[in-house]
Structures are given as C-alpha cells and as structure tokens.
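Source file: protein33.cif. Holds: mmCIF, C-alpha atoms and all ligand atoms.
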```cif
data_query
loop_
_atom_site.label_atom_id
_atom_site.label_comp_id
_atom_site.auth_asym_id
_atom_site.auth_seq_id
_atom_site.Cartn_x
_atom_site.Cartn_y
_atom_site.Cartn_z
CA MET A 1 0.00 0.00 0.00
CA GLU A 2 2.88 2.33 0.73
CA SER A 3 4.22 1.92 -2.79
CA PHE A 4 0.71 2.44 -4.15
CA PHE A 5 0.61 5.86 -2.48
CA GLU A 6 4.13 6.65 -3.57
CA GLN A 7 3.32 5.86 -7.19
CA MET A 8 0.37 8.25 -7.01
CA GLY A 9 2.73 10.95 -5.81
CA PHE A 10 1.50 11.01 -2.21
CA LYS A 11 3.30 10.34 1.09
CA THR A 12 3.64 6.73 2.20
CA PHE A 13 2.17 7.37 5.68
CA HIS A 14 -1.28 7.56 4.10
CA ALA A 15 -1.11 3.76 3.84
CA ARG A 16 -1.25 3.56 7.63
CA GLN A 17 -4.19 5.96 7.78
CA VAL A 18 -6.18 4.02 5.21
CA LEU A 19 -5.35 0.66 6.79
CA LYS A 20 -6.68 1.96 10.09
CA TRP A 21 -9.83 3.45 8.56
CA ILE A 22 -10.72 0.24 6.78
CA HIS A 23 -9.83 -2.37 9.37
CA LYS A 24 -10.04 -0.60 12.73
CA HIS A 25 -12.97 1.68 11.99
CA GLY A 26 -14.69 -0.43 9.33
CA VAL A 27 -15.00 2.50 6.93
CA THR A 28 -15.63 1.61 3.27
CA ASP A 29 -16.26 5.10 1.92
CA PHE A 30 -13.22 7.25 1.18
CA ASP A 31 -15.18 10.41 2.04
CA GLN A 32 -15.39 9.31 5.65
CA MET A 33 -11.59 9.25 5.90
CA THR A 34 -11.51 12.74 7.29
CA ASP A 35 -7.77 13.04 7.84
CA LEU A 36 -7.08 12.59 4.12
CA SER A 37 -7.11 15.65 1.88
CA LYS A 38 -10.01 16.10 -0.54
CA LYS A 39 -7.54 15.77 -3.39
CA LEU A 40 -6.25 12.44 -2.13
CA ARG A 41 -9.75 11.11 -1.54
CA ALA A 42 -10.75 12.04 -5.08
CA GLN A 43 -7.65 10.31 -6.42
CA LEU A 44 -8.33 7.17 -4.38
CA LYS A 45 -11.89 7.00 -5.68
CA LEU A 46 -10.58 7.09 -9.22
CA MET A 47 -7.92 4.47 -8.70
CA SER A 48 -9.33 2.00 -6.23
CA GLU A 49 -12.38 0.57 -4.56
CA ILE A 50 -13.10 -0.87 -1.13
CA ARG A 51 -15.14 -4.01 -1.60
CA VAL A 52 -16.08 -6.56 1.05
CA PRO A 53 -17.49 -10.05 0.53
CA GLU A 54 -21.27 -10.12 0.58
CA ILE A 55 -23.07 -12.23 3.18
CA ILE A 56 -25.45 -14.47 1.26
CA LEU A 57 -26.53 -16.56 4.21
CA GLU A 58 -25.98 -16.45 7.94
CA GLN A 59 -26.54 -19.76 9.72
CA PRO A 60 -26.47 -19.77 13.51
CA SER A 61 -25.92 -23.15 15.20
CA ARG A 62 -27.55 -24.34 18.41
CA ASP A 63 -24.13 -24.26 20.12
CA GLY A 64 -23.39 -20.58 19.36
CA THR A 65 -21.25 -21.26 16.31
CA CYS A 66 -22.22 -19.20 13.27
CA LYS A 67 -21.48 -19.89 9.62
CA TRP A 68 -21.50 -17.28 6.88
CA LEU A 69 -21.79 -18.05 3.20
CA LEU A 70 -19.96 -15.25 1.43
CA GLU A 71 -20.18 -14.36 -2.23
CA LEU A 72 -16.98 -13.23 -3.93
CA ASP A 73 -18.23 -13.08 -7.51
CA CYS A 74 -21.00 -14.75 -9.46
CA ASN A 75 -19.23 -18.11 -9.61
CA ASN A 76 -17.61 -18.33 -6.23
CA ARG A 77 -18.88 -18.63 -2.71
CA ILE A 78 -16.91 -19.53 0.38
CA GLU A 79 -17.72 -20.27 3.99
CA THR A 80 -16.39 -18.69 7.17
CA VAL A 81 -17.18 -19.95 10.66
CA MET A 82 -17.23 -18.12 13.99
CA ILE A 83 -16.74 -20.33 17.06
CA PRO A 84 -17.27 -18.83 20.53
CA ASP A 85 -15.79 -20.89 23.38
CA ASP A 86 -14.95 -20.07 27.03
CA GLY A 87 -14.22 -16.38 26.60
CA ARG A 88 -12.51 -16.89 23.24
CA THR A 89 -13.98 -16.23 19.83
CA THR A 90 -12.22 -17.98 16.99
CA LEU A 91 -12.81 -17.28 13.34
CA CYS A 92 -12.17 -20.09 10.88
CA VAL A 93 -11.19 -18.52 7.57
CA SER A 94 -11.00 -19.96 4.02
CA SER A 95 -7.96 -19.51 1.78
CA GLN A 96 -9.16 -20.99 -1.52
CA VAL A 97 -12.42 -21.63 -3.37
CA GLY A 98 -12.52 -25.40 -2.93
CA CYS A 99 -9.35 -27.43 -2.49
CA ALA A 100 -7.14 -29.44 -4.83
CA LEU A 101 -5.52 -31.77 -2.31
CA ASP A 102 -8.27 -34.39 -2.29
CA CYS A 103 -7.96 -35.76 1.24
CA SER A 104 -10.19 -38.83 1.25
CA PHE A 105 -12.26 -37.90 4.32
CA CYS A 106 -12.89 -34.21 3.59
CA SER A 107 -16.06 -32.88 2.04
CA THR A 108 -14.44 -29.65 0.78
CA ALA A 109 -12.22 -31.90 -1.35
CA LYS A 110 -15.25 -33.44 -3.03
CA GLN A 111 -16.20 -30.00 -4.38
CA GLY A 112 -13.03 -29.77 -6.41
CA PHE A 113 -10.97 -26.62 -6.79
CA ASN A 114 -11.49 -23.34 -8.58
CA ARG A 115 -9.06 -20.63 -7.50
CA ASN A 116 -6.99 -18.97 -4.84
CA LEU A 117 -8.48 -16.19 -2.76
CA SER A 118 -6.88 -12.75 -2.97
CA VAL A 119 -5.48 -10.99 0.11
CA ALA A 120 -8.63 -8.84 0.10
CA GLU A 121 -10.90 -11.89 0.03
CA ILE A 122 -9.07 -13.53 2.92
CA ILE A 123 -8.91 -10.46 5.15
CA GLY A 124 -12.42 -9.53 3.95
CA GLN A 125 -13.76 -12.55 5.86
CA VAL A 126 -12.28 -11.13 9.05
CA TRP A 127 -13.63 -7.67 8.23
CA VAL A 128 -17.16 -9.00 7.72
CA ALA A 129 -17.07 -11.21 10.83
CA VAL A 130 -15.82 -8.46 13.13
CA ARG A 131 -18.58 -6.14 11.88
CA THR A 132 -21.27 -8.79 12.24
CA MET A 133 -20.56 -10.56 15.51
CA GLU A 134 -21.25 -9.27 18.99
CA GLN A 135 -18.16 -10.70 20.71
CA SER A 136 -14.69 -9.39 20.01
CA LEU A 137 -12.44 -11.52 17.89
CA THR A 138 -9.60 -13.23 19.78
CA ASN A 139 -8.24 -15.91 17.40
CA VAL A 140 -8.08 -16.67 13.70
CA VAL A 141 -7.41 -20.11 12.27
CA LEU A 142 -6.81 -20.70 8.57
CA MET A 143 -8.72 -23.94 8.71
CA GLY A 144 -11.62 -23.24 6.39
CA MET A 145 -11.88 -24.20 2.75
CA GLY A 146 -8.61 -24.67 0.91
CA GLU A 147 -4.94 -25.32 1.53
CA PRO A 148 -3.41 -22.08 2.83
CA LEU A 149 0.16 -22.97 1.87
CA ALA A 150 -0.91 -23.49 -1.74
CA ASN A 151 -1.79 -19.78 -1.68
CA LEU A 152 1.18 -18.69 0.38
CA ASP A 153 1.74 -15.08 -0.70
CA ALA A 154 -1.85 -13.97 -0.23
CA VAL A 155 -2.16 -15.87 3.05
CA VAL A 156 1.03 -14.32 4.46
CA ASP A 157 -0.11 -10.79 3.59
CA ALA A 158 -3.57 -11.36 5.03
CA MET A 159 -2.10 -12.78 8.24
CA SER A 160 0.17 -9.79 8.61
CA ILE A 161 -2.91 -7.54 8.50
CA MET A 162 -4.50 -9.77 11.17
CA GLN A 163 -1.41 -9.16 13.33
CA ASP A 164 -1.05 -5.44 12.61
CA ASP A 165 -1.91 -3.07 15.45
CA LEU A 166 -3.47 -0.70 12.94
CA ALA A 167 -5.87 -3.47 11.97
CA TYR A 168 -6.78 -6.48 14.16
CA GLY A 169 -3.71 -6.62 16.45
CA LEU A 170 -3.73 -10.39 17.04
CA SER A 171 -0.56 -11.93 18.48
CA LYS A 172 1.40 -14.67 16.71
CA TYR A 173 -0.04 -17.18 19.16
CA ARG A 174 -3.57 -16.28 18.09
CA VAL A 175 -3.19 -16.64 14.35
CA THR A 176 -2.83 -20.24 13.25
CA VAL A 177 -2.24 -21.58 9.78
CA SER A 178 -3.14 -25.19 9.12
CA THR A 179 -1.56 -27.22 6.35
CA ALA A 180 -1.77 -30.71 4.95
CA GLY A 181 2.00 -30.45 4.55
CA ILE A 182 3.32 -28.60 1.51
CA VAL A 183 6.94 -28.85 2.60
CA PRO A 184 8.69 -26.18 0.44
CA ALA A 185 5.98 -23.64 1.31
CA LEU A 186 6.41 -24.48 4.99
CA TYR A 187 10.09 -23.52 4.83
CA GLU A 188 9.11 -20.32 2.99
CA LEU A 189 6.47 -19.50 5.59
CA GLY A 190 9.05 -19.92 8.38
CA LYS A 191 11.23 -17.26 6.74
CA VAL A 192 8.51 -14.61 6.45
CA SER A 193 5.99 -15.20 9.22
CA ASP A 194 5.91 -16.14 12.88
CA VAL A 195 2.31 -17.33 13.17
CA SER A 196 1.37 -20.60 14.87
CA LEU A 197 1.37 -23.83 12.92
CA ALA A 198 -1.10 -26.68 12.78
CA VAL A 199 -0.42 -29.70 10.58
CA SER A 200 -2.97 -32.22 9.34
CA LEU A 201 -1.16 -35.44 10.13
CA HIS A 202 -4.00 -38.00 10.31
CA ALA A 203 -1.73 -41.05 9.98
CA PRO A 204 1.43 -42.31 11.67
CA ASN A 205 3.05 -43.90 8.59
CA ASN A 206 3.46 -43.17 4.89
CA ALA A 207 1.37 -46.08 3.63
CA LEU A 208 -1.74 -44.92 5.46
CA ARG A 209 -1.06 -41.22 4.99
CA ASP A 210 -0.65 -41.70 1.23
CA GLU A 211 -4.21 -42.98 1.25
CA LEU A 212 -5.79 -40.33 3.50
CA VAL A 213 -3.75 -37.24 2.60
CA PRO A 214 -2.49 -37.86 -0.96
CA ILE A 215 -0.08 -34.89 -0.91
CA ASN A 216 1.99 -37.21 1.30
CA LYS A 217 3.11 -39.04 -1.85
CA LYS A 218 4.88 -35.86 -2.88
CA TYR A 219 6.04 -34.77 0.58
CA PRO A 220 6.31 -37.87 2.78
CA LEU A 221 6.67 -37.90 6.56
CA GLU A 222 10.48 -38.03 6.51
CA GLU A 223 10.39 -34.60 4.80
CA LEU A 224 7.37 -33.16 6.58
CA ILE A 225 8.47 -33.79 10.17
CA PRO A 226 11.90 -32.07 9.84
CA ALA A 227 10.21 -29.09 8.12
CA CYS A 228 7.83 -28.78 11.07
CA ARG A 229 10.67 -29.04 13.58
CA GLU A 230 12.54 -26.32 11.75
CA PHE A 231 9.46 -24.09 11.96
CA VAL A 232 9.37 -24.10 15.77
CA ARG A 233 13.14 -24.20 16.32
CA GLY A 234 14.48 -21.43 18.50
CA ASP A 235 11.23 -20.66 20.33
CA LYS A 236 10.77 -22.79 23.42
CA ARG A 237 7.15 -21.75 23.83
CA ARG A 238 6.21 -23.08 20.44
CA LYS A 239 4.69 -26.42 19.64
CA ILE A 240 3.29 -27.90 16.48
CA THR A 241 -0.42 -28.60 16.75
CA TRP A 242 -1.05 -31.91 15.00
CA GLU A 243 -4.52 -32.58 13.67
CA TYR A 244 -5.53 -36.22 13.63
CA VAL A 245 -9.00 -37.20 12.43
CA MET A 246 -10.28 -40.29 14.23
CA LEU A 247 -11.58 -42.76 11.64
CA ASP A 248 -13.11 -45.95 12.94
CA GLY A 249 -10.90 -48.97 12.21
CA ILE A 250 -8.60 -46.96 9.92
CA ASN A 251 -6.11 -44.98 12.01
CA ASP A 252 -7.35 -45.33 15.59
CA SER A 253 -5.79 -48.56 16.92
CA ASP A 254 -3.35 -48.92 19.83
CA ARG A 255 -0.71 -49.81 17.29
CA ASN A 256 -1.37 -46.56 15.43
CA ALA A 257 -0.99 -44.65 18.72
CA LYS A 258 2.33 -46.36 19.38
CA GLU A 259 3.58 -45.54 15.90
CA LEU A 260 2.47 -41.95 16.32
CA ILE A 261 4.39 -41.61 19.59
CA ARG A 262 7.53 -42.92 17.90
CA LEU A 263 7.05 -40.59 14.93
CA LEU A 264 6.75 -37.47 17.08
CA GLU A 265 9.57 -38.26 19.49
CA GLY A 266 11.68 -35.14 20.00
CA THR A 267 9.24 -32.80 18.24
CA PRO A 268 7.49 -30.20 20.46
CA SER A 269 3.92 -31.36 19.94
CA LYS A 270 0.33 -30.80 20.88
CA MET A 271 -2.18 -33.31 19.55
CA ASN A 272 -5.70 -32.38 18.44
CA LEU A 273 -7.78 -35.49 17.93
CA ILE A 274 -10.73 -34.61 15.69
CA PRO A 275 -13.76 -36.90 15.78
CA PHE A 276 -14.58 -37.55 12.11
CA ASN A 277 -17.48 -35.42 10.88
CA PRO A 278 -19.47 -37.63 8.55
CA PHE A 279 -20.98 -36.51 5.26
CA PRO A 280 -22.98 -38.46 2.69
CA GLY A 281 -20.90 -40.87 0.64
CA SER A 282 -17.71 -40.45 2.66
CA GLY A 283 -17.36 -44.17 3.30
CA TYR A 284 -15.88 -43.55 6.77
CA LYS A 285 -17.25 -43.82 10.29
CA ALA A 286 -16.24 -41.82 13.33
CA SER A 287 -14.29 -43.71 16.01
CA PRO A 288 -16.43 -44.38 19.08
CA PRO A 289 -15.80 -41.89 21.92
CA GLU A 290 -14.24 -44.64 24.13
CA ARG A 291 -11.73 -45.44 21.38
CA ILE A 292 -10.81 -41.77 20.99
CA GLU A 293 -10.35 -41.47 24.76
CA ALA A 294 -8.18 -44.61 24.94
CA PHE A 295 -6.06 -43.29 22.05
CA ARG A 296 -5.74 -39.92 23.77
CA GLN A 297 -4.70 -41.52 27.06
CA ARG A 298 -1.94 -43.47 25.32
CA LEU A 299 -0.52 -40.29 23.84
CA MET A 300 -0.81 -38.45 27.15
CA LYS A 301 1.06 -41.24 28.94
CA ALA A 302 3.87 -40.81 26.45
CA GLY A 303 4.02 -37.10 27.32
CA ILE A 304 2.17 -35.71 24.30
CA ILE A 305 -0.42 -33.11 25.36
CA SER A 306 -3.55 -34.30 23.62
CA ILE A 307 -7.05 -32.94 23.44
CA THR A 308 -10.12 -34.14 21.65
CA ARG A 309 -11.44 -31.28 19.56
CA LYS A 310 -15.02 -30.46 20.43
CA THR A 311 -17.27 -30.84 17.43
CA ARG A 312 -18.86 -27.46 16.86
CA GLY A 313 -21.58 -26.35 14.48
CA ASP A 314 -22.24 -29.80 13.04
CA ASP A 315 -25.99 -29.09 12.90
CA ILE A 316 -25.24 -26.41 10.28
CA ASP A 317 -22.45 -28.33 8.48
CA ALA A 318 -19.86 -25.96 9.87
CA ALA A 319 -17.60 -28.55 11.50
CA CYS A 320 -14.08 -29.51 10.32
CA GLY A 321 -14.09 -30.71 6.72
CA GLN A 322 -17.74 -29.81 6.13
CA LEU A 323 -17.34 -26.43 4.43
CA VAL A 324 -18.38 -26.41 0.80
CA GLY A 325 -19.48 -22.91 -0.33
CA ARG A 326 -19.98 -22.95 -4.07
CA VAL A 327 -17.12 -24.01 -6.25
CA LYS A 328 -16.84 -23.88 -9.98
CA ASP A 329 -14.57 -26.89 -10.24
CA LYS A 330 -11.79 -26.37 -12.72
CA SER A 331 -9.82 -29.41 -11.68
CA ARG A 332 -12.14 -31.90 -13.34
CA ARG A 333 -12.96 -32.10 -16.98
CA THR A 334 -16.61 -33.05 -16.84
CA LEU A 335 -19.40 -30.98 -15.36
CA SER A 336 -19.83 -31.95 -11.75
CA ASP A 337 -23.32 -32.60 -10.40
CA ASP A 338 -23.16 -29.34 -8.53
CA GLU A 339 -22.42 -27.32 -11.61
CA SER A 340 -25.39 -28.75 -13.47
CA ALA A 341 -27.52 -27.99 -10.44
CA TRP A 342 -26.61 -24.32 -10.77
CA GLY A 343 -27.79 -24.32 -14.36
CA GLY A 344 -24.38 -24.60 -15.91
CA ILE A 345 -23.07 -21.29 -14.59
CA ALA A 346 -19.60 -22.63 -15.07
CA LYS A 347 -19.70 -22.66 -18.82
N1 LIG A 401 -5.99 -27.68 4.06
C1 LIG A 401 -5.61 -27.31 5.41
C2 LIG A 401 -6.67 -26.49 6.10
C3 LIG A 401 -7.94 -27.24 6.45
S1 LIG A 401 -8.05 -27.35 8.15
C4 LIG A 401 -5.25 -28.58 6.18
O1 LIG A 401 -5.41 -29.66 5.62
O2 LIG A 401 -4.75 -28.49 7.29
C5 LIG A 401 -9.38 -28.41 8.39
C6 LIG A 401 -9.03 -29.61 9.23
O3 LIG A 401 -10.16 -30.49 9.30
C7 LIG A 401 -7.90 -30.42 8.61
O4 LIG A 401 -7.09 -30.97 9.61
C8 LIG A 401 -8.67 -31.50 7.91
O5 LIG A 401 -7.87 -32.61 7.61
C9 LIG A 401 -9.77 -31.79 8.89
N2 LIG A 401 -10.92 -32.48 8.29
C10 LIG A 401 -11.26 -32.54 6.99
N3 LIG A 401 -12.37 -33.26 6.82
C11 LIG A 401 -12.76 -33.68 8.05
C12 LIG A 401 -13.86 -34.44 8.53
N4 LIG A 401 -14.77 -34.92 7.70
N5 LIG A 401 -13.92 -34.66 9.85
C13 LIG A 401 -13.01 -34.14 10.69
N6 LIG A 401 -11.96 -33.40 10.30
C14 LIG A 401 -11.83 -33.17 8.98
#
```

Turn the structure described in the file into structure tokens.
Ligand code: SAH
Amino acid sequence: MESFFEQMGFKTFHARQVLKWIHKHGVTDFDQMTDLSKKLRAQLKLMSEIRVPEIILEQPSRDGTCKWLLELDCNNRIETVMIPDDGRTTLCVSSQVGCALDCSFCSTAKQGFNRNLSVAEIIGQVWVAVRTMEQSLTNVVLMGMGEPLANLDAVVDAMSIMQDDLAYGLSKYRVTVSTAGIVPALYELGKVSDVSLAVSLHAPNNALRDELVPINKKYPLEELIPACREFVRGDKRRKITWEYVMLDGINDSDRNAKELIRLLEGTPSKMNLIPFNPFPGSGYKASPPERIEAFRQRLMKAGIISITRKTRGDDIDAACGQLVGRVKDKSRRTLSDDESAWGGIAK
C-alpha cells in the first residue's frame, strides 16, 4: 500500500491511515476518511475501490457457532465460521475456493478446486465477521476451505494484516495456519511469518497417509516432520499442533498410537484429535468416543499433550471438513453434479 501511495505521488504514511480506517474503523467510503485531503480522496476513488465479501446466508448453530456463506463473484462462494468458546472467539477462515488436495475424508475436497483467494478476500472474511458478531475476535485459524500454503503469498499478507496493530492486532499465538504439509511452502512461511502452525497429520506412517492425505506421496513424513521441527526451532514456547482425524478402524488402533508416539519423538507437539465429521458418501465412520479417549490416554502417557477437539456447528455443516461454499470446479474435466444444479453457470 505504501508503494501504491508513492506511485500516485502522495506520502507513504497515508497507507497507515487508510489501513486503520478500513480495518479498525470499518470504513468503506473514502469520504469518511476525514484526515485525508479532498484531493487524495478524489484520487483514491478514481484508482481503487473498497469491496467486502457479501453475506449471502448467515446460519447460527444451536451451540453458538455461526457460519456465513460469502459471495466473492457470481461463480464463487466460500464459507467462514465463527466459534465462541470459554471467553474466546475464533474465526475459521477460508484460503481458496474449494481445495485441490483431495484428502479422502474431507467434504471440501469433493467440491473440487477453482481458484486462490486474494489478500482482500481472505482479510475480507475477518472484516465481515468483526462487523457482524457481537463478541470481540480473539483468534483466527486458517482452517476453512482450501490449503493455505498453496496460496502462500496472499495468506502471508492477510495474516500480517491480522497481526497489525493498525488493523486487528492479534498476536502470533492467536493466528494459526493449518496445512496438509506442503513442505517447500512451509520452509518459505518460516522465513517470512511467525504465526502458529497446525499440521494435518492424520496417519502415523506413509502407507496410510498416502491414502488419507495424498499430498503425502509428494512430501512424505520423513520430509514433513523435519520441516515442522525447523518451523518451531528457537522458540521454546512453540509447539506444532497436529490434527488427527479419528476414523473408525482406519487410524485409531493402539498400534497406530504407538507408531504416532515414535514418529513425534523429540518434536514439540500438541495433539488435536478430531472426531470424524461424517458426510454423505464419505465411506468412513467416526471412532467411538471410548476409542478416541483410549487413544488420547496413550498419547498423554507418552508425554504428548492431547485434546479431543469439540465438534462445533455440526448441525449447520460448519464442523471440520464440512465447508463447501460454491465451487466452480476447474480441476475436473466433466461438469460436476453441482455445476449442473446451478444451471451450468460454469460454462
Ligand atoms: N488444508 C488445510 C486447512 C484445512 S483445516 C489442512 O489440511 O490443514 C481443516 C481440518 O479439518 C484439517 O485438519 C482437515 O484434515 C480436517 N478435516 C477434513 N475433513 C474432516 C472431517 N470430515 N472430519 C473431521 N476433520 C476433517
């Protein structure tokens, strides 16, 4: 933004003023930016626009969670979820329209992939949420639709606005990016950002992980784990949050727990066990609660802090892996069922 102002022949400090107007004060009309000269305001109106995603649908859940369906343009809709919990309010933000990684147990994956979100579309979700919800925002997780590290540049810029005191002022411990494990992007992220890291592990060995999280074939565990360790190196307070979906009879045995403990030895870890959220045609079942608890206890005994993630917003399909929005799928050749249902908008 500073170079934008410079190129227009204005002082760079106006970037800070505009950032504050938009994100701290929620102003979307240049004429309300009273500390900018009339000349500058006129110039800004000619050269730029302030546009926020439009709320198409607001779905409140029985448990206080709220899901927004946001329209970006006529082909693309994404979902954003607000999760209040014990004095915290976490916003779960999307980074792409759909997802190309095709994890076998994720319903976003079944929608296919259309495109990356821009910085404006990512931070726009935060802007809309903050202006819509009653509570103040305390945490952001990039755990919505998409693979954030496949859209690294935009995600990094949006997260820096989340952390900026002129905007949302969230600390590095309160902004978390979650990845299925795009190893080169993880090293890049470590160089330019200090946010918290969550990694979708889901399996303790390559054979099983290849099946559940196919990106593992490209970046297997022996590359992923060192990349994660490098990310938290040098900060004793930091741990990797591992996400592990509990699939009945697939990855939830005592043997799997033992393997997992061995895999994570020496890595500062926190384990999030996620009860599988079913969706039609998934072919998986959630592990029974007793199995999840036994698995958790095994990890705890081995010194790995482990929690079972509370399922939130499942009555409105807002739980992990259930976000779908509307995706014009470019990754498949044939018209998907969804596209025909929208009257062939895609073509
Ligand atoms: N692509 C990123 C961001 C998504 S985060 C990533 O993979 O980390 C969403 C989390 O929910 C991921 O850990 C994902 O693997 C998990 N998830 C996906 N589908 C799920 C389902 N049906 N039930 C429970 N968790 C699921």

Protein and nucleic acid residues within 8 Å of ligand LIG 401 (chain A) (only C-alpha atoms and all ligand atoms) as number ranges by chain: A: 99, 101, 103, 105-108, 142-148, 177-181, 198-202, 213, 243-246, 274-279, 319-322

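Excluding Arg312 in chain A itself and any same-chain residue fewer than 3 positions from it, the protein and nucleic acid residues within 9 Å of it, counting all atoms listed in the file, are A:Ser61, A:Asp63, A:Gly64, A:Thr65, A:Ile83, A:Arg309, A:Asp315, A:Ala318, A:Ala319, A:Cys320.
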
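Across the structure, CA of Ile316 in chain A and CA of Val81 in chain A are spaced 10.3 Å apart.
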
field: All residues 8 Å or closer to range 33-36 of chain A, only C-alpha atoms, same chain fewer than 4 positions away omitted, as a ChimeraX atom specification
entry: /A:14,17-18,21,27,29,40-41

Selection: 12 Å around Glu223 in chain A, only C-alpha atoms, excl. self and same-chain fewer than 2 positions, as a PDB file with C-alpha atoms, in the coordinates of the input:
```pdb
ATOM      1  CA  GLY A 181       2.000 -30.450   4.550  1.00  0.00           C
ATOM      2  CA  ILE A 182       3.320 -28.600   1.510  1.00  0.00           C
ATOM      3  CA  VAL A 183       6.940 -28.850   2.600  1.00  0.00           C
ATOM      4  CA  PRO A 184       8.690 -26.180   0.440  1.00  0.00           C
ATOM      5  CA  LEU A 186       6.410 -24.480   4.990  1.00  0.00           C
ATOM      6  CA  TYR A 187      10.090 -23.520   4.830  1.00  0.00           C
ATOM      7  CA  ASN A 206       3.460 -43.170   4.890  1.00  0.00           C
ATOM      8  CA  ILE A 215      -0.080 -34.890  -0.910  1.00  0.00           C
ATOM      9  CA  ASN A 216       1.990 -37.210   1.300  1.00  0.00           C
ATOM     10  CA  LYS A 217       3.110 -39.040  -1.850  1.00  0.00           C
ATOM     11  CA  LYS A 218       4.880 -35.860  -2.880  1.00  0.00           C
ATOM     12  CA  TYR A 219       6.040 -34.770   0.580  1.00  0.00           C
ATOM     13  CA  PRO A 220       6.310 -37.870   2.780  1.00  0.00           C
ATOM     14  CA  LEU A 221       6.670 -37.900   6.560  1.00  0.00           C
ATOM     15  CA  ILE A 225       8.470 -33.790  10.170  1.00  0.00           C
ATOM     16  CA  PRO A 226      11.900 -32.070   9.840  1.00  0.00           C
ATOM     17  CA  ALA A 227      10.210 -29.090   8.120  1.00  0.00           C
ATOM     18  CA  CYS A 228       7.830 -28.780  11.070  1.00  0.00           C
ATOM     19  CA  ARG A 229      10.670 -29.040  13.580  1.00  0.00           C
ATOM     20  CA  GLU A 230      12.540 -26.320  11.750  1.00  0.00           C
TER      21      GLU A 230
END
```

Any idea what's packed within 10 Å of Met300 in chain A, counting all atoms listed in the file, ignoring anything in its chain fewer than 6 positions away? Could you give it as a PDB file with C-alpha atoms, in the coordinates of the input?
```pdb
ATOM      1  CA  ILE A 261       4.390 -41.610  19.590  1.00  0.00           C
ATOM      2  CA  LYS A 270       0.330 -30.800  20.880  1.00  0.00           C
ATOM      3  CA  MET A 271      -2.180 -33.310  19.550  1.00  0.00           C
ATOM      4  CA  ALA A 294      -8.180 -44.610  24.940  1.00  0.00           C
ATOM      5  CA  SER A 306      -3.550 -34.300  23.620  1.00  0.00           C
ATOM      6  CA  ILE A 307      -7.050 -32.940  23.440  1.00  0.00           C
TER       7      ILE A 307
END
```

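With all atoms listed in the file as the atoms that count, the minimum distance from Ile123 in chain A to the choices A:Glu211, A:Asp157, A:Asp194, A:Asp102 is reached by A:Asp157.
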
Step by step, gather every atom of range 119-125 of chain A that the file lists, find the box along x, y and z that holds them, add 6 Å on each side, and finally give centre and edge lengths in Å to one decimal, as AutoDock Vina command-line options.
```
--center_x -9.6 --center_y -11.2 --center_z 2.9 --size_x 20.3 --size_y 16.7 --size_z 17.8
```

message: From the options A:Met162, A:Val155, A:Leu224, A:Ala203, which residue's atoms come nearest to Arg255 in chain A, counting all atoms listed in the file?
response: A:Ala203

message: Which residues are close to Glu49 in chain A, i.e. within 9 Å by only C-alpha atoms, leaving aside same-chain residues fewer than 5 positions away? Reply as a ChimeraX atom specification.
response: /A:28-30,44

message: For a test of reading the model, state the distance in Å between CA of Val128 in chain A and CA of Leu91 in chain A, rounded to one decimal.
response: 10.9 Å

- prompt: Smallest atom-to-atom distance to Val52 in chain A: which of A:Phe10, A:Trp68, A:Trp127, A:Phe5, using only C-alpha atoms?
  reply: A:Trp127

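Proximity ranking of A:Leu189, A:Ala150, A:Leu57, A:His23 relative to Gln163 in chain A places A:His23 first, based on all atoms listed in the file.
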